[in-house]
file input-v9.pdb (PDB, C-alpha atoms and all ligand atoms)
ATOM      1  CA  ASP A  36      10.198  17.878 -11.408  1.00  0.00           C
ATOM      2  CA  MET A  37      13.264  18.844  -9.426  1.00  0.00           C
ATOM      3  CA  ALA A  38      13.918  22.039 -11.408  1.00  0.00           C
ATOM      4  CA  ASP A  39      10.406  23.264 -10.581  1.00  0.00           C
ATOM      5  CA  LEU A  40      10.812  22.264  -6.937  1.00  0.00           C
ATOM      6  CA  GLU A  41      14.057  24.231  -6.714  1.00  0.00           C
ATOM      7  CA  ALA A  42      12.406  27.282  -8.280  1.00  0.00           C
ATOM      8  CA  LYS A  43       9.600  27.055  -5.673  1.00  0.00           C
ATOM      9  CA  LEU A  44      12.117  26.711  -2.823  1.00  0.00           C
ATOM     10  CA  LYS A  45      14.037  29.767  -4.061  1.00  0.00           C
ATOM     11  CA  GLU A  46      10.789  31.711  -4.316  1.00  0.00           C
ATOM     12  CA  ALA A  47       9.782  30.760  -0.747  1.00  0.00           C
ATOM     13  CA  ARG A  48      13.195  31.682   0.657  1.00  0.00           C
ATOM     14  CA  ALA A  49      13.169  34.997  -1.244  1.00  0.00           C
ATOM     15  CA  ALA A  50       9.708  35.744   0.167  1.00  0.00           C
ATOM     16  CA  GLY A  51      11.082  35.298   3.692  1.00  0.00           C
ATOM     17  CA  ALA A  52       9.311  32.043   4.594  1.00  0.00           C
ATOM     18  CA  ARG A  53      10.035  31.018   8.186  1.00  0.00           C
ATOM     19  CA  ASN A  54       9.422  27.307   7.627  1.00  0.00           C
ATOM     20  CA  ILE A  55       9.239  25.355   4.383  1.00  0.00           C
ATOM     21  CA  ILE A  56       7.816  21.862   4.036  1.00  0.00           C
ATOM     22  CA  ILE A  57       8.096  19.848   0.852  1.00  0.00           C
ATOM     23  CA  ALA A  58       5.162  17.416   0.649  1.00  0.00           C
ATOM     24  CA  THR A  59       5.246  14.458  -1.735  1.00  0.00           C
ATOM     25  CA  ASP A  60       3.883  10.999  -2.289  1.00  0.00           C
ATOM     26  CA  GLY A  61       6.508   8.340  -1.649  1.00  0.00           C
ATOM     27  CA  ALA A  62       5.082   6.326  -4.544  1.00  0.00           C
ATOM     28  CA  PHE A  63       2.561   7.686  -7.011  1.00  0.00           C
ATOM     29  CA  SER A  64      -0.443   5.415  -7.023  1.00  0.00           C
ATOM     30  CA  MET A  65      -1.611   5.741 -10.634  1.00  0.00           C
ATOM     31  CA  ASP A  66       1.829   5.393 -12.240  1.00  0.00           C
ATOM     32  CA  GLY A  67       3.804   3.261  -9.802  1.00  0.00           C
ATOM     33  CA  TYR A  68       6.570   5.849  -9.924  1.00  0.00           C
ATOM     34  CA  ILE A  69       8.719   6.043  -6.810  1.00  0.00           C
ATOM     35  CA  GLY A  70       9.361   9.567  -5.518  1.00  0.00           C
ATOM     36  CA  LYS A  71      12.884  10.915  -5.994  1.00  0.00           C
ATOM     37  CA  ILE A  72      13.269  11.301  -2.256  1.00  0.00           C
ATOM     38  CA  ASP A  73      17.076  11.380  -2.414  1.00  0.00           C
ATOM     39  CA  GLN A  74      17.015  14.334  -4.819  1.00  0.00           C
ATOM     40  CA  ILE A  75      14.313  16.014  -2.740  1.00  0.00           C
ATOM     41  CA  ARG A  76      16.485  15.468   0.358  1.00  0.00           C
ATOM     42  CA  ALA A  77      19.430  17.219  -1.316  1.00  0.00           C
ATOM     43  CA  LEU A  78      17.268  20.232  -2.232  1.00  0.00           C
ATOM     44  CA  ALA A  79      15.698  20.287   1.245  1.00  0.00           C
ATOM     45  CA  ASP A  80      19.160  20.406   2.814  1.00  0.00           C
ATOM     46  CA  GLN A  81      20.254  23.155   0.454  1.00  0.00           C
ATOM     47  CA  TYR A  82      17.208  25.333   1.222  1.00  0.00           C
ATOM     48  CA  GLN A  83      16.648  24.237   4.849  1.00  0.00           C
ATOM     49  CA  ALA A  84      13.246  22.729   4.172  1.00  0.00           C
ATOM     50  CA  LEU A  85      11.452  19.893   5.945  1.00  0.00           C
ATOM     51  CA  ILE A  86      10.111  16.892   4.007  1.00  0.00           C
ATOM     52  CA  MET A  87       6.732  15.205   4.443  1.00  0.00           C
ATOM     53  CA  VAL A  88       6.177  11.913   2.625  1.00  0.00           C
ATOM     54  CA  ASP A  89       2.788  10.247   2.155  1.00  0.00           C
ATOM     55  CA  ASP A  90       3.996   6.667   1.995  1.00  0.00           C
ATOM     56  CA  CYS A  91       0.657   4.838   1.666  1.00  0.00           C
ATOM     57  CA  HIS A  92       1.940   2.981  -1.417  1.00  0.00           C
ATOM     58  CA  ALA A  93       5.339   2.165   0.086  1.00  0.00           C
ATOM     59  CA  THR A  94       4.880   1.337   3.778  1.00  0.00           C
ATOM     60  CA  GLY A  95       5.647  -2.309   4.427  1.00  0.00           C
ATOM     61  CA  PHE A  96       7.397  -3.235   1.208  1.00  0.00           C
ATOM     62  CA  LEU A  97       9.737  -0.537  -0.180  1.00  0.00           C
ATOM     63  CA  GLY A  98      13.184  -0.144   1.351  1.00  0.00           C
ATOM     64  CA  ASP A  99      15.000  -2.016   4.100  1.00  0.00           C
ATOM     65  CA  LYS A 100      12.511  -3.769   6.415  1.00  0.00           C
ATOM     66  CA  GLY A 101       9.739  -2.204   4.356  1.00  0.00           C
ATOM     67  CA  LYS A 102      10.294   1.162   6.057  1.00  0.00           C
ATOM     68  CA  GLY A 103       9.213   3.016   2.953  1.00  0.00           C
ATOM     69  CA  SER A 104      10.215   5.057  -0.072  1.00  0.00           C
ATOM     70  CA  PHE A 105      12.738   7.179   1.828  1.00  0.00           C
ATOM     71  CA  ALA A 106      14.579   4.026   2.976  1.00  0.00           C
ATOM     72  CA  HIS A 107      14.451   2.749  -0.621  1.00  0.00           C
ATOM     73  CA  CYS A 108      16.185   6.006  -1.616  1.00  0.00           C
ATOM     74  CA  GLY A 109      18.644   5.768   1.302  1.00  0.00           C
ATOM     75  CA  VAL A 110      17.658   8.973   3.102  1.00  0.00           C
ATOM     76  CA  GLU A 111      15.680  10.130   6.145  1.00  0.00           C
ATOM     77  CA  VAL A 112      12.747  12.535   6.105  1.00  0.00           C
ATOM     78  CA  ASP A 113      10.940  14.597   8.739  1.00  0.00           C
ATOM     79  CA  PHE A 114       7.351  13.368   8.522  1.00  0.00           C
ATOM     80  CA  VAL A 115       5.971  10.092   7.200  1.00  0.00           C
ATOM     81  CA  THR A 116       2.283   9.313   6.888  1.00  0.00           C
ATOM     82  CA  GLY A 117       1.188   5.785   6.092  1.00  0.00           C
ATOM     83  CA  THR A 118      -1.865   3.584   6.059  1.00  0.00           C
ATOM     84  CA  PHE A 119      -2.659   0.278   7.735  1.00  0.00           C
ATOM     85  CA  GLY A 120      -5.056  -0.400   4.878  1.00  0.00           C
ATOM     86  CA  LYS A 121      -2.766  -1.383   1.998  1.00  0.00           C
ATOM     87  CA  ALA A 122       0.381  -3.541   2.248  1.00  0.00           C
ATOM     88  CA  LEU A 123      -0.095  -3.955   5.991  1.00  0.00           C
ATOM     89  CA  GLY A 124      -3.093  -6.104   5.384  1.00  0.00           C
ATOM     90  CA  GLY A 125      -6.320  -4.308   4.757  1.00  0.00           C
ATOM     91  CA  ALA A 126      -7.163  -3.019   8.195  1.00  0.00           C
ATOM     92  CA  MET A 127      -8.124   0.621   8.612  1.00  0.00           C
ATOM     93  CA  GLY A 128      -6.495   3.740   9.958  1.00  0.00           C
ATOM     94  CA  GLY A 129      -2.985   4.972   9.583  1.00  0.00           C
ATOM     95  CA  PHE A 130      -0.107   6.685  11.297  1.00  0.00           C
ATOM     96  CA  ILE A 131       2.233   9.639  11.310  1.00  0.00           C
ATOM     97  CA  CYS A 132       5.900   9.231  12.194  1.00  0.00           C
ATOM     98  CA  ALA A 133       7.881  12.323  13.159  1.00  0.00           C
ATOM     99  CA  ARG A 134      10.154  13.601  15.904  1.00  0.00           C
ATOM    100  CA  SER A 135       8.461  13.517  19.302  1.00  0.00           C
ATOM    101  CA  SER A 136       7.948  17.293  19.503  1.00  0.00           C
ATOM    102  CA  VAL A 137       5.902  17.121  16.278  1.00  0.00           C
ATOM    103  CA  VAL A 138       3.922  14.127  17.508  1.00  0.00           C
ATOM    104  CA  GLU A 139       3.100  16.016  20.731  1.00  0.00           C
ATOM    105  CA  LEU A 140       1.903  18.997  18.679  1.00  0.00           C
ATOM    106  CA  LEU A 141      -0.261  16.775  16.458  1.00  0.00           C
ATOM    107  CA  LYS A 142      -1.872  15.167  19.501  1.00  0.00           C
ATOM    108  CA  GLN A 143      -3.095  18.644  20.415  1.00  0.00           C
ATOM    109  CA  ARG A 144      -3.943  19.894  16.915  1.00  0.00           C
ATOM    110  CA  ALA A 145      -4.687  17.002  14.536  1.00  0.00           C
ATOM    111  CA  ARG A 146      -8.444  17.030  14.055  1.00  0.00           C
ATOM    112  CA  PRO A 147      -9.148  13.329  13.439  1.00  0.00           C
ATOM    113  CA  TYR A 148      -7.039  12.496  16.483  1.00  0.00           C
ATOM    114  CA  LEU A 149      -8.879  14.971  18.676  1.00  0.00           C
ATOM    115  CA  PHE A 150     -12.436  14.604  17.414  1.00  0.00           C
ATOM    116  CA  SER A 151     -12.825  11.051  16.106  1.00  0.00           C
ATOM    117  CA  ASN A 152     -13.121   7.747  17.855  1.00  0.00           C
ATOM    118  CA  ALA A 153      -9.848   5.921  18.295  1.00  0.00           C
ATOM    119  CA  LEU A 154      -9.059   2.855  16.222  1.00  0.00           C
ATOM    120  CA  ALA A 155     -10.635  -0.336  17.486  1.00  0.00           C
ATOM    121  CA  PRO A 156      -8.258  -2.392  19.667  1.00  0.00           C
ATOM    122  CA  ALA A 157      -8.473  -5.310  17.213  1.00  0.00           C
ATOM    123  CA  VAL A 158      -7.262  -3.025  14.394  1.00  0.00           C
ATOM    124  CA  CYS A 159      -4.393  -1.716  16.526  1.00  0.00           C
ATOM    125  CA  GLY A 160      -3.450  -5.258  17.516  1.00  0.00           C
ATOM    126  CA  SER A 161      -3.506  -6.643  13.986  1.00  0.00           C
ATOM    127  CA  SER A 162      -1.668  -3.591  12.608  1.00  0.00           C
ATOM    128  CA  LEU A 163       1.079  -3.892  15.233  1.00  0.00           C
ATOM    129  CA  GLU A 164       1.448  -7.554  14.310  1.00  0.00           C
ATOM    130  CA  ALA A 165       1.554  -6.687  10.593  1.00  0.00           C
ATOM    131  CA  ILE A 166       4.342  -4.163  11.274  1.00  0.00           C
ATOM    132  CA  ARG A 167       6.219  -6.796  13.294  1.00  0.00           C
ATOM    133  CA  ILE A 168       5.944  -9.252  10.388  1.00  0.00           C
ATOM    134  CA  ALA A 169       6.939  -6.627   7.804  1.00  0.00           C
ATOM    135  CA  ALA A 170      10.015  -5.594   9.795  1.00  0.00           C
ATOM    136  CA  GLY A 171      11.250  -9.181  10.264  1.00  0.00           C
ATOM    137  CA  GLU A 172      12.655 -12.047   8.221  1.00  0.00           C
ATOM    138  CA  GLU A 173       9.204 -13.167   7.154  1.00  0.00           C
ATOM    139  CA  GLY A 174       8.789  -9.688   5.674  1.00  0.00           C
ATOM    140  CA  ASP A 175      12.026 -10.093   3.717  1.00  0.00           C
ATOM    141  CA  LYS A 176      10.634 -13.325   2.203  1.00  0.00           C
ATOM    142  CA  LEU A 177       7.327 -11.704   1.334  1.00  0.00           C
ATOM    143  CA  ARG A 178       9.097  -8.722  -0.231  1.00  0.00           C
ATOM    144  CA  ALA A 179      11.324 -11.023  -2.308  1.00  0.00           C
ATOM    145  CA  GLN A 180       8.212 -12.872  -3.542  1.00  0.00           C
ATOM    146  CA  LEU A 181       6.412  -9.590  -4.252  1.00  0.00           C
ATOM    147  CA  PHE A 182       9.220  -8.165  -6.390  1.00  0.00           C
ATOM    148  CA  ALA A 183       9.728 -11.504  -8.156  1.00  0.00           C
ATOM    149  CA  ASN A 184       6.006 -11.496  -9.007  1.00  0.00           C
ATOM    150  CA  ALA A 185       6.210  -7.905 -10.233  1.00  0.00           C
ATOM    151  CA  ALA A 186       9.251  -8.662 -12.412  1.00  0.00           C
ATOM    152  CA  ARG A 187       7.565 -11.775 -13.843  1.00  0.00           C
ATOM    153  CA  PHE A 188       4.318  -9.967 -14.697  1.00  0.00           C
ATOM    154  CA  ARG A 189       6.156  -6.960 -16.084  1.00  0.00           C
ATOM    155  CA  SER A 190       8.441  -8.930 -18.415  1.00  0.00           C
ATOM    156  CA  ALA A 191       5.682 -11.291 -19.640  1.00  0.00           C
ATOM    157  CA  MET A 192       3.281  -8.405 -20.316  1.00  0.00           C
ATOM    158  CA  ALA A 193       5.961  -6.434 -22.166  1.00  0.00           C
ATOM    159  CA  ALA A 194       6.816  -9.530 -24.214  1.00  0.00           C
ATOM    160  CA  ALA A 195       3.098  -9.919 -25.059  1.00  0.00           C
ATOM    161  CA  GLY A 196       3.198  -6.414 -26.524  1.00  0.00           C
ATOM    162  CA  PHE A 197       1.464  -4.346 -23.828  1.00  0.00           C
ATOM    163  CA  ASP A 198       2.460  -0.749 -23.159  1.00  0.00           C
ATOM    164  CA  LEU A 199       3.522  -0.536 -19.495  1.00  0.00           C
ATOM    165  CA  LEU A 200       4.813   2.435 -17.552  1.00  0.00           C
ATOM    166  CA  PRO A 201       8.452   1.780 -16.661  1.00  0.00           C
ATOM    167  CA  GLY A 202       9.484   1.160 -13.069  1.00  0.00           C
ATOM    168  CA  GLU A 203      10.056  -1.348 -10.315  1.00  0.00           C
ATOM    169  CA  HIS A 204       7.027  -0.728  -8.069  1.00  0.00           C
ATOM    170  CA  PRO A 205       4.502  -3.606  -7.788  1.00  0.00           C
ATOM    171  CA  ILE A 206       1.854  -1.222  -9.140  1.00  0.00           C
ATOM    172  CA  ILE A 207       2.119  -1.911 -12.871  1.00  0.00           C
ATOM    173  CA  PRO A 208      -0.157   0.224 -15.059  1.00  0.00           C
ATOM    174  CA  VAL A 209      -1.172  -1.237 -18.411  1.00  0.00           C
ATOM    175  CA  MET A 210      -1.638   1.783 -20.671  1.00  0.00           C
ATOM    176  CA  LEU A 211      -4.670   1.720 -22.986  1.00  0.00           C
ATOM    177  CA  GLY A 212      -5.275   5.397 -23.729  1.00  0.00           C
ATOM    178  CA  ASP A 213      -9.001   5.331 -24.435  1.00  0.00           C
ATOM    179  CA  ALA A 214     -11.370   5.365 -21.434  1.00  0.00           C
ATOM    180  CA  LYS A 215     -13.993   3.054 -22.972  1.00  0.00           C
ATOM    181  CA  LEU A 216     -11.340   0.601 -24.044  1.00  0.00           C
ATOM    182  CA  ALA A 217     -10.006   0.488 -20.470  1.00  0.00           C
ATOM    183  CA  GLN A 218     -13.517  -0.257 -19.135  1.00  0.00           C
ATOM    184  CA  ASP A 219     -14.202  -2.905 -21.830  1.00  0.00           C
ATOM    185  CA  MET A 220     -10.866  -4.542 -21.174  1.00  0.00           C
ATOM    186  CA  ALA A 221     -11.482  -4.641 -17.401  1.00  0.00           C
ATOM    187  CA  ALA A 222     -14.968  -6.121 -17.973  1.00  0.00           C
ATOM    188  CA  ARG A 223     -13.608  -8.808 -20.310  1.00  0.00           C
ATOM    189  CA  LEU A 224     -10.832  -9.649 -17.847  1.00  0.00           C
ATOM    190  CA  LEU A 225     -13.411 -10.114 -15.091  1.00  0.00           C
ATOM    191  CA  GLU A 226     -15.212 -12.636 -17.331  1.00  0.00           C
ATOM    192  CA  LEU A 227     -11.852 -14.376 -17.733  1.00  0.00           C
ATOM    193  CA  GLY A 228     -11.416 -14.510 -13.957  1.00  0.00           C
ATOM    194  CA  VAL A 229      -9.077 -11.554 -13.422  1.00  0.00           C
ATOM    195  CA  TYR A 230     -10.381  -8.656 -11.355  1.00  0.00           C
ATOM    196  CA  VAL A 231      -8.808  -5.355 -12.380  1.00  0.00           C
ATOM    197  CA  ILE A 232     -10.035  -1.768 -12.447  1.00  0.00           C
ATOM    198  CA  GLY A 233      -9.827   0.642 -15.370  1.00  0.00           C
ATOM    199  CA  PHE A 234      -8.886   4.220 -14.509  1.00  0.00           C
ATOM    200  CA  SER A 235      -9.624   7.179 -16.720  1.00  0.00           C
ATOM    201  CA  PHE A 236      -9.943  10.981 -16.546  1.00  0.00           C
ATOM    202  CA  PRO A 237     -10.118  12.769 -14.075  1.00  0.00           C
ATOM    203  CA  VAL A 238      -8.181  10.200 -12.003  1.00  0.00           C
ATOM    204  CA  VAL A 239      -5.448  10.153 -14.665  1.00  0.00           C
ATOM    205  CA  PRO A 240      -4.785  12.673 -17.485  1.00  0.00           C
ATOM    206  CA  ARG A 241      -7.216  12.626 -20.439  1.00  0.00           C
ATOM    207  CA  GLY A 242      -6.197  10.096 -23.089  1.00  0.00           C
ATOM    208  CA  GLN A 243      -4.054   8.130 -20.650  1.00  0.00           C
ATOM    209  CA  ALA A 244      -6.658   5.615 -19.443  1.00  0.00           C
ATOM    210  CA  ARG A 245      -5.154   2.476 -18.027  1.00  0.00           C
ATOM    211  CA  ILE A 246      -5.692  -0.674 -16.044  1.00  0.00           C
ATOM    212  CA  ARG A 247      -3.728  -0.452 -12.842  1.00  0.00           C
ATOM    213  CA  THR A 248      -2.529  -3.874 -11.799  1.00  0.00           C
ATOM    214  CA  GLN A 249      -1.091  -4.476  -8.340  1.00  0.00           C
ATOM    215  CA  MET A 250       1.047  -7.486  -7.592  1.00  0.00           C
ATOM    216  CA  SER A 251       0.842  -9.190  -4.209  1.00  0.00           C
ATOM    217  CA  ALA A 252       3.235 -11.470  -2.344  1.00  0.00           C
ATOM    218  CA  ALA A 253       0.253 -13.821  -2.000  1.00  0.00           C
ATOM    219  CA  HIS A 254       0.138 -14.407  -5.774  1.00  0.00           C
ATOM    220  CA  THR A 255       1.800 -17.563  -7.064  1.00  0.00           C
ATOM    221  CA  PHE A 256       3.764 -17.628 -10.331  1.00  0.00           C
ATOM    222  CA  GLU A 257       0.922 -19.791 -11.706  1.00  0.00           C
ATOM    223  CA  GLN A 258      -1.571 -17.045 -10.957  1.00  0.00           C
ATOM    224  CA  ILE A 259       0.693 -14.381 -12.456  1.00  0.00           C
ATOM    225  CA  ASP A 260       1.005 -16.457 -15.637  1.00  0.00           C
ATOM    226  CA  ALA A 261      -2.766 -17.007 -15.748  1.00  0.00           C
ATOM    227  CA  ALA A 262      -3.316 -13.255 -15.457  1.00  0.00           C
ATOM    228  CA  VAL A 263      -0.895 -12.593 -18.318  1.00  0.00           C
ATOM    229  CA  ALA A 264      -2.704 -15.217 -20.429  1.00  0.00           C
ATOM    230  CA  ALA A 265      -6.054 -13.530 -19.709  1.00  0.00           C
ATOM    231  CA  PHE A 266      -4.628 -10.102 -20.564  1.00  0.00           C
ATOM    232  CA  THR A 267      -3.222 -11.525 -23.785  1.00  0.00           C
ATOM    233  CA  GLN A 268      -6.561 -13.067 -24.779  1.00  0.00           C
ATOM    234  CA  ALA A 269      -8.570  -9.936 -23.933  1.00  0.00           C
ATOM    235  CA  GLY A 270      -5.924  -7.730 -25.539  1.00  0.00           C
ATOM    236  CA  LYS A 271      -6.126  -9.668 -28.803  1.00  0.00           C
ATOM    237  CA  GLU A 272      -9.930  -9.673 -28.799  1.00  0.00           C
ATOM    238  CA  LEU A 273     -10.049  -5.900 -28.303  1.00  0.00           C
ATOM    239  CA  GLY A 274      -7.242  -5.128 -30.716  1.00  0.00           C
ATOM    240  CA  VAL A 275      -4.868  -3.786 -28.060  1.00  0.00           C
ATOM    241  CA  ILE A 276      -2.027  -6.116 -29.061  1.00  0.00           C
TER
HETATM  242  C1  LIG B   1      -4.810   5.077  -0.011  1.00  0.00           C
HETATM  243  C2  LIG B   1      -4.118   6.391   0.162  1.00  0.00           C
HETATM  244  C3  LIG B   1      -4.439   7.209   1.227  1.00  0.00           C
HETATM  245  C4  LIG B   1      -5.584   6.906   2.161  1.00  0.00           C
HETATM  246  O1  LIG B   1      -5.346   5.839   2.983  1.00  0.00           O
HETATM  247  P1  LIG B   1      -6.578   5.325   3.863  1.00  0.00           P
HETATM  248  O2  LIG B   1      -5.927   4.518   4.910  1.00  0.00           O
HETATM  249  O3  LIG B   1      -7.441   4.540   2.937  1.00  0.00           O
HETATM  250  O4  LIG B   1      -7.260   6.537   4.398  1.00  0.00           O
HETATM  251  C5  LIG B   1      -3.744   8.390   1.397  1.00  0.00           C
HETATM  252  N1  LIG B   1      -2.767   8.746   0.535  1.00  0.00           N
HETATM  253  C6  LIG B   1      -2.415   7.965  -0.507  1.00  0.00           C
HETATM  254  C7  LIG B   1      -1.320   8.411  -1.424  1.00  0.00           C
HETATM  255  C8  LIG B   1      -3.091   6.769  -0.730  1.00  0.00           C
HETATM  256  O5  LIG B   1      -2.770   6.024  -1.779  1.00  0.00           O
END
call {"tool": "encode", "arguments": {"input": "input-v9.pdb", "output": "structure tokens"}}
result
Amino acid sequence: DMADLEAKLKEARAAGARNIIIATDGAFSMDGYIGKIDQIRALADQYQALIMVDDCHATGFLGDKGKGSFAHCGVEVDFVTGTFGKALGGAMGGFICARSSVVELLKQRARPYLFSNALAPAVCGSSLEAIRIAAGEEGDKLRAQLFANAARFRSAMAAAGFDLLPGEHPIIPVMLGDAKLAQDMAARLLELGVYVIGFSFPVVPRGQARIRTQMSAAHTFEQIDAAVAAFTQAGKELGVI
């Protein structure tokens, strides 16, 4: 809500704030909505604010070379946090990117960095390799496959009559409304060989229960089509479509 953000920035400036940071998700995990980082950038410039983006659901596949949501929106930001545990291949840990003065400060002040064990060398090694793959030509191929899979699932599910949230992110929520229906649907889909999770309140607003599907570059078109067929069967059985 850019109007609300601008009101908050005005309020902070009027109150004499020395520094202002706008914090946002780069992609919102329950909806698959991509943050309006370009519009946020424009407001940040206007009100001299810094921007922090949590890019856990964008690192590796959104934007040029999979840099993230800000690259997808064609702008730069001040701080990016990301995880090694999602698109980069299911390892653990994560990272913060920022200008070197900020990184130096965090090395002195960031609690997990100071007081926790470091990542295991094998995790660092595999994560570095995953970043190398994501940033290269192989990454471009995987991203093309990922977005082709997302487009295929999205159009087939819409044609089958399902209510999807609009967007282009490979997180594609299938809206069901009722919490029990979402659980029953997920259980039936598991019986049909498709593993999906139903989400309901308080993870999403009341009455907006859904099954959040996530496409992968590792899926084949055959598998995407099989998933749509299973959704269609379960959806008919449960009166969703
Ligand atoms: C998954 C996620 C995290 C946590 O990442 P971990 O590497 O599992 O700690 C943080 N923020 C967002 C928005 C996420 O989706």
call {"tool": "resolve_selection", "arguments": {"input": "input-v9.pdb", "expression": "the PyMOL selection byres (((chain A and resi 202) around 10) and not hetatm)", "output": "PDB file with C-alpha atoms, in the frame of the given file"}}
result
ATOM      1  CA  ASP A  66       1.829   5.393 -12.240  1.00  0.00           C
ATOM      2  CA  GLY A  67       3.804   3.261  -9.802  1.00  0.00           C
ATOM      3  CA  TYR A  68       6.570   5.849  -9.924  1.00  0.00           C
ATOM      4  CA  ILE A  69       8.719   6.043  -6.810  1.00  0.00           C
ATOM      5  CA  ALA A 186       9.251  -8.662 -12.412  1.00  0.00           C
ATOM      6  CA  ARG A 189       6.156  -6.960 -16.084  1.00  0.00           C
ATOM      7  CA  LEU A 199       3.522  -0.536 -19.495  1.00  0.00           C
ATOM      8  CA  LEU A 200       4.813   2.435 -17.552  1.00  0.00           C
ATOM      9  CA  PRO A 201       8.452   1.780 -16.661  1.00  0.00           C
ATOM     10  CA  GLU A 203      10.056  -1.348 -10.315  1.00  0.00           C
ATOM     11  CA  HIS A 204       7.027  -0.728  -8.069  1.00  0.00           C
ATOM     12  CA  PRO A 205       4.502  -3.606  -7.788  1.00  0.00           C
ATOM     13  CA  ILE A 206       1.854  -1.222  -9.140  1.00  0.00           C
ATOM     14  CA  ILE A 207       2.119  -1.911 -12.871  1.00  0.00           C
ATOM     15  CA  PRO A 208      -0.157   0.224 -15.059  1.00  0.00           C
TER      16      PRO A 208
END
call {"tool": "atom_distance", "arguments": {"input": "input-v9.pdb", "atom1": "atom CA of Leu224 of chain A", "atom2": "atom CA of Phe266 of chain A"}}
result
6.8 Å
call {"tool": "residues_near_ligand", "arguments": {"input": "input-v9.pdb", "ligand": "ligand LIG 1 (chain B)", "cutoff": "9 Å", "atoms": "all atoms listed in the file", "output": "number ranges by chain"}}
result
A: 59-65, 89-92, 116-121, 125-130
call {"tool": "write_last_selection", "arguments": {"input": "input-v9.pdb", "atoms": "C-alpha atoms", "output": "compact mmCIF listing (two decimals), keeping the file's coordinate frame"}}
result
# COMPACT_ATOMS: atom_id res chain seq x y z
CA THR A 59 5.25 14.46 -1.74
CA ASP A 60 3.88 11.00 -2.29
CA GLY A 61 6.51 8.34 -1.65
CA ALA A 62 5.08 6.33 -4.54
CA PHE A 63 2.56 7.69 -7.01
CA SER A 64 -0.44 5.42 -7.02
CA MET A 65 -1.61 5.74 -10.63
CA ASP A 89 2.79 10.25 2.15
CA ASP A 90 4.00 6.67 2.00
CA CYS A 91 0.66 4.84 1.67
CA HIS A 92 1.94 2.98 -1.42
CA THR A 116 2.28 9.31 6.89
CA GLY A 117 1.19 5.78 6.09
CA THR A 118 -1.86 3.58 6.06
CA PHE A 119 -2.66 0.28 7.74
CA GLY A 120 -5.06 -0.40 4.88
CA LYS A 121 -2.77 -1.38 2.00
CA GLY A 125 -6.32 -4.31 4.76
CA ALA A 126 -7.16 -3.02 8.20
CA MET A 127 -8.12 0.62 8.61
CA GLY A 128 -6.50 3.74 9.96
CA GLY A 129 -2.98 4.97 9.58
CA PHE A 130 -0.11 6.68 11.30
call {"tool": "atom_distance", "arguments": {"input": "input-v9.pdb", "atom1": "atom CA of Phe234 of chain A", "atom2": "atom CA of Ile246 of chain A"}}
result
6.0 Å
call {"tool": "resolve_selection", "arguments": {"input": "input-v9.pdb", "expression": "the PyMOL selection byres (((chain A and resi 133) around 12) and not hetatm)", "output": "PDB file with C-alpha atoms, in the frame of the given file"}}
result
ATOM      1  CA  LEU A  85      11.452  19.893   5.945  1.00  0.00           C
ATOM      2  CA  ILE A  86      10.111  16.892   4.007  1.00  0.00           C
ATOM      3  CA  MET A  87       6.732  15.205   4.443  1.00  0.00           C
ATOM      4  CA  VAL A  88       6.177  11.913   2.625  1.00  0.00           C
ATOM      5  CA  GLU A 111      15.680  10.130   6.145  1.00  0.00           C
ATOM      6  CA  VAL A 112      12.747  12.535   6.105  1.00  0.00           C
ATOM      7  CA  ASP A 113      10.940  14.597   8.739  1.00  0.00           C
ATOM      8  CA  PHE A 114       7.351  13.368   8.522  1.00  0.00           C
ATOM      9  CA  VAL A 115       5.971  10.092   7.200  1.00  0.00           C
ATOM     10  CA  THR A 116       2.283   9.313   6.888  1.00  0.00           C
ATOM     11  CA  GLY A 117       1.188   5.785   6.092  1.00  0.00           C
ATOM     12  CA  PHE A 130      -0.107   6.685  11.297  1.00  0.00           C
ATOM     13  CA  ILE A 131       2.233   9.639  11.310  1.00  0.00           C
ATOM     14  CA  CYS A 132       5.900   9.231  12.194  1.00  0.00           C
ATOM     15  CA  ARG A 134      10.154  13.601  15.904  1.00  0.00           C
ATOM     16  CA  SER A 135       8.461  13.517  19.302  1.00  0.00           C
ATOM     17  CA  SER A 136       7.948  17.293  19.503  1.00  0.00           C
ATOM     18  CA  VAL A 137       5.902  17.121  16.278  1.00  0.00           C
ATOM     19  CA  VAL A 138       3.922  14.127  17.508  1.00  0.00           C
ATOM     20  CA  GLU A 139       3.100  16.016  20.731  1.00  0.00           C
ATOM     21  CA  LEU A 140       1.903  18.997  18.679  1.00  0.00           C
ATOM     22  CA  LEU A 141      -0.261  16.775  16.458  1.00  0.00           C
ATOM     23  CA  LYS A 142      -1.872  15.167  19.501  1.00  0.00           C
TER      24      LYS A 142
END
call {"tool": "atom_distance", "arguments": {"input": "input-v9.pdb", "atom1": "atom CA of Ala122 of chain A", "atom2": "atom CA of Ala191 of chain A"}}
result
23.8 Å
call {"tool": "resolve_selection", "arguments": {"input": "input-v9.pdb", "expression": "the PyMOL selection byres (((chain A and resi 198) around 10) and not hetatm)", "output": "number ranges by chain"}}
result
A: 192-197, 199-201, 208-212, 245, 275-276
call {"tool": "closest_residue", "arguments": {"input": "input-v9.pdb", "among": "A:Ile72, A:Ala84, A:Leu163, A:Ala77", "to": "Leu44 of chain A", "atoms": "only C-alpha atoms"}}
result
A:Ala84
call {"tool": "axis_aligned_box", "arguments": {"input": "input-v9.pdb", "around": "segment 226-236 of chain A", "padding_each_side": "6 Å", "output": "lines of an AutoDock Vina configuration file"}}
result
center_x = -12.0
center_y = -1.8
center_z = -14.5
size_x = 18.4
size_y = 37.5
size_z = 18.4
call {"tool": "residues_around", "arguments": {"input": "input-v9.pdb", "residues": "Phe182 of chain A", "least_positions_apart": "5", "cutoff": "10 Å", "atoms": "only C-alpha atoms", "output": "list in words"}}
result
Phe96, Leu97, Leu177, Arg187, Phe188, Glu203, His204, Pro205, Met250, Ser251 and Ala252 of chain A
